[in-house]
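**Student:** Structure in structure tokens, see below.
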Amino acid sequence: MSYWLMKSEPDVFSIDDLRRKGPRGTHWDGVRNYQARNFMREMKPGDQAFFYHSNCKEPGIVGVMEVVREAYPDHTAFDPKDPHFDPKSDPARPRWYMVDVAYVEKFPRTITLDALRLNHSLAEMLILRRGNRLSVTPVTASEWKAVMKMVASSTDHSR
DNA sequence: GCCAACGTTGGC
DNA sequence: GCCAACGTTGGC
């Protein structure tokens, strides 16, 4: 099983929106970057992913979701009315892909970008690299563990 | 709203 | 294949 991190702007699609989709989840559409697309193609059902809120008041990891369907063509690329329409993606030869993800949990507190930066065991985490704008990145098992540890301790402190 | 960092596009 | 121009991302 692999681990991932996926970004979304909460004003557009938040973890609460994902929770409302229920156990079958929903498609993660709109990725228009080749590197991010390639990562999605590597995903397998059962993989776990951090849900990251970007471009908002408190950027950071807000919870966990699970991949429930492997990559398949992103139909929003074919729709001229969709904001992510790409005339170069032909239904016969789709350029963009998406996976289905389902809600697993929302953390009691956001693990903020600031907090992530302060954790030395996350120094190599892709999301923390300067200038990184990739919306889908792999996460190592040790990074996953380190973040979950931060979640556990932030929960203790909230008692 | 600003702007640095980065990816993509297209002329040559 | 180079690279300037442009568009987008995302923290601040």
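So you can find residues: chains in the structure tokens are A, B, ... in the order shown, residues in each start at 1, and ligands are numbered from 1 in order.
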Kindly determine which residues of chain A lie within 8 Å of chain C, considering only C-alpha atoms (C1' of nucleotides), and give the answer as an MDAnalysis selection string.
**Tutor:** chainID A and resid 54:55 133
**Student:** Please, which residues of stretch 4-147 of chain A, numbered as in this document, come out strand (DSSP E) from DSSP, as number ranges by chain?
**Tutor:** A: 4-8, 26-27, 48-53, 60-73, 97-112, 136-139
**Student:** Mind writing the picked residues with C-alpha atoms as a compact mmCIF listing (two decimals), in the first residue's frame?
**Tutor:**
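Once written, part28.txt looks like this:
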# COMPACT_ATOMS: atom_id res chain seq x y z
CA TRP A 4 -0.03 10.19 -0.96
CA LEU A 5 -0.89 13.81 -0.33
CA MET A 6 -3.48 15.65 -2.39
CA LYS A 7 -4.19 19.36 -2.30
CA SER A 8 -7.49 21.12 -2.70
CA THR A 26 -16.13 10.85 -5.49
CA HIS A 27 -13.80 11.57 -8.37
CA GLN A 48 -4.20 6.21 1.79
CA ALA A 49 -3.89 9.93 1.12
CA PHE A 50 -3.64 13.05 3.23
CA PHE A 51 -6.19 15.73 2.38
CA TYR A 52 -4.40 19.10 2.28
CA HIS A 53 -6.19 22.44 2.30
CA GLY A 60 -2.26 22.23 6.19
CA ILE A 61 -3.28 18.58 6.39
CA VAL A 62 -6.85 18.23 7.57
CA GLY A 63 -7.52 14.51 7.34
CA VAL A 64 -7.24 11.20 5.53
CA MET A 65 -8.93 9.68 2.52
CA GLU A 66 -8.66 6.41 0.70
CA VAL A 67 -8.26 5.65 -2.98
CA VAL A 68 -11.28 3.57 -3.99
CA ARG A 69 -10.85 3.44 -7.75
CA GLU A 70 -7.71 3.47 -9.85
CA ALA A 71 -7.04 6.11 -12.50
CA TYR A 72 -9.51 6.55 -15.37
CA PRO A 73 -10.02 9.37 -17.91
CA TYR A 97 -6.89 11.12 -15.52
CA MET A 98 -8.54 11.03 -12.13
CA VAL A 99 -9.04 8.58 -9.29
CA ASP A 100 -11.95 8.10 -6.92
CA VAL A 101 -11.33 8.85 -3.26
CA ALA A 102 -13.45 8.34 -0.16
CA TYR A 103 -13.50 10.05 3.21
CA VAL A 104 -11.72 8.25 6.06
CA GLU A 105 -11.25 10.78 8.83
CA LYS A 106 -10.99 14.46 9.63
CA PHE A 107 -8.37 15.36 12.21
CA PRO A 108 -9.57 17.17 15.36
CA ARG A 109 -7.12 19.91 14.46
CA THR A 110 -5.45 20.92 11.23
CA ILE A 111 -1.80 19.89 11.07
CA THR A 112 -0.70 23.26 9.78
CA VAL A 136 -0.45 15.29 -5.89
CA THR A 137 2.70 13.94 -4.24
CA PRO A 138 3.86 10.63 -2.80
CA VAL A 139 4.41 10.39 0.96
**Student:** List as a PyMOL selection string the protein and nucleic acid residues near stretch 30-35 of chain A, meaning an atom at most 8 Å away when only C-alpha atoms (C1' of nucleotides) are counted, but skip any in the same chain fewer than 2 places from it.
**Tutor:** chain A and resi 28+37-39+74+76-77+84+96-98+134-135
**Student:** Name the residues of chain A that fall into helix (DSSP H, G or I) according to DSSP on the backbone, using the chain letters and numbers of this document, as number ranges by chain.
**Tutor:** A: 15-20, 34-42, 75-78, 113-118, 120-122, 126-128, 141-157
**Student:** Write to file, as a compact mmCIF listing (two decimals), in the first residue's frame, the residues of the selection just made, with N, CA and C atoms.
**Tutor:**
# COMPACT_ATOMS: atom_id res chain seq x y z
N ILE A 15 -12.59 18.97 2.85
CA ILE A 15 -12.75 17.63 3.41
C ILE A 15 -14.19 17.40 3.89
N ASP A 16 -14.86 18.47 4.28
CA ASP A 16 -16.27 18.31 4.66
C ASP A 16 -17.12 17.97 3.44
N ASP A 17 -16.77 18.55 2.30
CA ASP A 17 -17.47 18.18 1.06
C ASP A 17 -17.25 16.70 0.75
N LEU A 18 -16.02 16.25 0.96
CA LEU A 18 -15.71 14.84 0.69
C LEU A 18 -16.50 13.92 1.63
N ARG A 19 -16.56 14.31 2.90
CA ARG A 19 -17.30 13.50 3.88
C ARG A 19 -18.75 13.33 3.44
N ARG A 20 -19.32 14.42 2.92
CA ARG A 20 -20.74 14.38 2.48
C ARG A 20 -20.96 13.43 1.31
N TYR A 34 1.26 17.04 -15.58
CA TYR A 34 1.67 15.69 -15.98
C TYR A 34 2.26 14.88 -14.83
N GLN A 35 3.08 15.53 -14.03
CA GLN A 35 3.69 14.82 -12.90
C GLN A 35 2.63 14.33 -11.92
N ALA A 36 1.70 15.23 -11.62
CA ALA A 36 0.62 14.85 -10.70
C ALA A 36 -0.24 13.75 -11.30
N ARG A 37 -0.50 13.86 -12.59
CA ARG A 37 -1.27 12.82 -13.27
C ARG A 37 -0.57 11.47 -13.19
N ASN A 38 0.75 11.49 -13.41
CA ASN A 38 1.49 10.23 -13.37
C ASN A 38 1.43 9.59 -11.98
N PHE A 39 1.47 10.41 -10.96
CA PHE A 39 1.33 9.87 -9.61
C PHE A 39 -0.04 9.23 -9.43
N MET A 40 -1.07 9.88 -9.95
CA MET A 40 -2.42 9.31 -9.80
C MET A 40 -2.54 7.98 -10.51
N ARG A 41 -1.82 7.85 -11.62
CA ARG A 41 -1.86 6.58 -12.36
C ARG A 41 -1.21 5.44 -11.59
N GLU A 42 -0.33 5.80 -10.63
CA GLU A 42 0.32 4.77 -9.82
C GLU A 42 -0.56 4.33 -8.65
N HIS A 75 -13.23 13.09 -17.36
CA HIS A 75 -14.20 13.55 -18.36
C HIS A 75 -14.39 15.06 -18.37
N THR A 76 -14.01 15.73 -17.27
CA THR A 76 -14.20 17.19 -17.24
C THR A 76 -13.29 17.88 -18.26
N ALA A 77 -12.25 17.19 -18.72
CA ALA A 77 -11.36 17.78 -19.73
C ALA A 77 -12.05 17.88 -21.10
N PHE A 78 -13.13 17.11 -21.29
CA PHE A 78 -13.83 17.10 -22.58
C PHE A 78 -14.98 18.10 -22.64
N LEU A 113 0.74 23.88 7.98
CA LEU A 113 1.99 23.94 7.23
C LEU A 113 3.14 24.36 8.15
N ASP A 114 2.87 25.34 9.00
CA ASP A 114 3.89 25.79 9.96
C ASP A 114 4.36 24.64 10.85
N ALA A 115 3.41 23.89 11.38
CA ALA A 115 3.75 22.76 12.26
C ALA A 115 4.55 21.70 11.50
N LEU A 116 4.16 21.44 10.26
CA LEU A 116 4.88 20.45 9.46
C LEU A 116 6.33 20.88 9.27
N ARG A 117 6.53 22.17 9.02
CA ARG A 117 7.88 22.68 8.80
C ARG A 117 8.75 22.55 10.05
N LEU A 118 8.12 22.58 11.20
CA LEU A 118 8.88 22.51 12.46
C LEU A 118 9.29 21.08 12.81
N HIS A 120 11.31 17.99 12.28
CA HIS A 120 12.55 17.66 11.57
C HIS A 120 12.45 16.36 10.78
N SER A 121 11.62 15.44 11.25
CA SER A 121 11.52 14.16 10.52
C SER A 121 10.78 14.32 9.21
N LEU A 122 10.24 15.52 8.96
CA LEU A 122 9.54 15.77 7.69
C LEU A 122 10.34 16.67 6.76
N LEU A 126 7.99 16.30 0.24
CA LEU A 126 7.93 17.05 -1.01
C LEU A 126 7.13 18.34 -0.88
N ILE A 127 6.06 18.27 -0.13
CA ILE A 127 5.18 19.42 0.00
C ILE A 127 5.87 20.62 0.66
N LEU A 128 6.94 20.32 1.42
CA LEU A 128 7.63 21.38 2.16
C LEU A 128 8.80 21.96 1.38
N ALA A 141 6.34 6.09 4.04
CA ALA A 141 5.71 5.47 5.21
C ALA A 141 6.16 6.17 6.49
N SER A 142 7.43 6.58 6.55
CA SER A 142 7.90 7.22 7.78
C SER A 142 7.32 8.63 7.92
N GLU A 143 7.14 9.31 6.77
CA GLU A 143 6.50 10.63 6.84
C GLU A 143 5.04 10.49 7.30
N TRP A 144 4.38 9.47 6.76
CA TRP A 144 2.98 9.24 7.15
C TRP A 144 2.88 9.03 8.66
N LYS A 145 3.78 8.20 9.16
CA LYS A 145 3.79 7.88 10.58
C LYS A 145 4.04 9.12 11.42
N ALA A 146 4.99 9.94 10.95
CA ALA A 146 5.35 11.15 11.70
C ALA A 146 4.17 12.12 11.78
N VAL A 147 3.43 12.24 10.67
CA VAL A 147 2.27 13.14 10.67
C VAL A 147 1.19 12.59 11.60
N MET A 148 0.96 11.27 11.53
CA MET A 148 -0.08 10.69 12.39
C MET A 148 0.26 10.84 13.87
N LYS A 149 1.56 10.85 14.14
CA LYS A 149 2.02 11.08 15.51
C LYS A 149 1.66 12.50 15.95
N MET A 150 1.82 13.46 15.04
CA MET A 150 1.45 14.85 15.33
C MET A 150 -0.04 14.95 15.58
N VAL A 151 -0.81 14.18 14.83
CA VAL A 151 -2.27 14.18 15.01
C VAL A 151 -2.61 13.69 16.41
N ALA A 152 -1.96 12.58 16.82
CA ALA A 152 -2.24 11.99 18.13
C ALA A 152 -1.90 12.97 19.25
N SER A 153 -0.76 13.66 19.13
CA SER A 153 -0.38 14.56 20.22
C SER A 153 -1.24 15.82 20.22
N SER A 154 -1.69 16.26 19.05
CA SER A 154 -2.55 17.45 19.04
C SER A 154 -3.91 17.10 19.64
N THR A 155 -4.32 15.84 19.51
CA THR A 155 -5.59 15.40 20.10
C THR A 155 -5.47 15.39 21.62
N ASP A 156 -4.33 14.88 22.12
CA ASP A 156 -4.12 14.86 23.57
C ASP A 156 -4.21 16.26 24.15
N HIS A 157 -3.58 17.20 23.47
CA HIS A 157 -3.54 18.57 23.99
C HIS A 157 -4.90 19.23 24.00
**Student:** Which distance in Å separates atom CA of A:Pro80 and atom CA of A:Met43, to one decimal?
**Tutor:**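 If I compute the distance from atom CA of A:Pro80 to atom CA of A:Met43, I get 27.7 Å.
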**Student:** Could you please determine the separation between atom CA of A:Gly46 and atom CA of A:Asn132 in Å, to one decimal place?
**Tutor:** 26.2 Å
**Student:** One number please: atom CA of A:Met1 to atom CA of A:Met125, in Å, one decimal.
**Tutor:** 18.3 Å
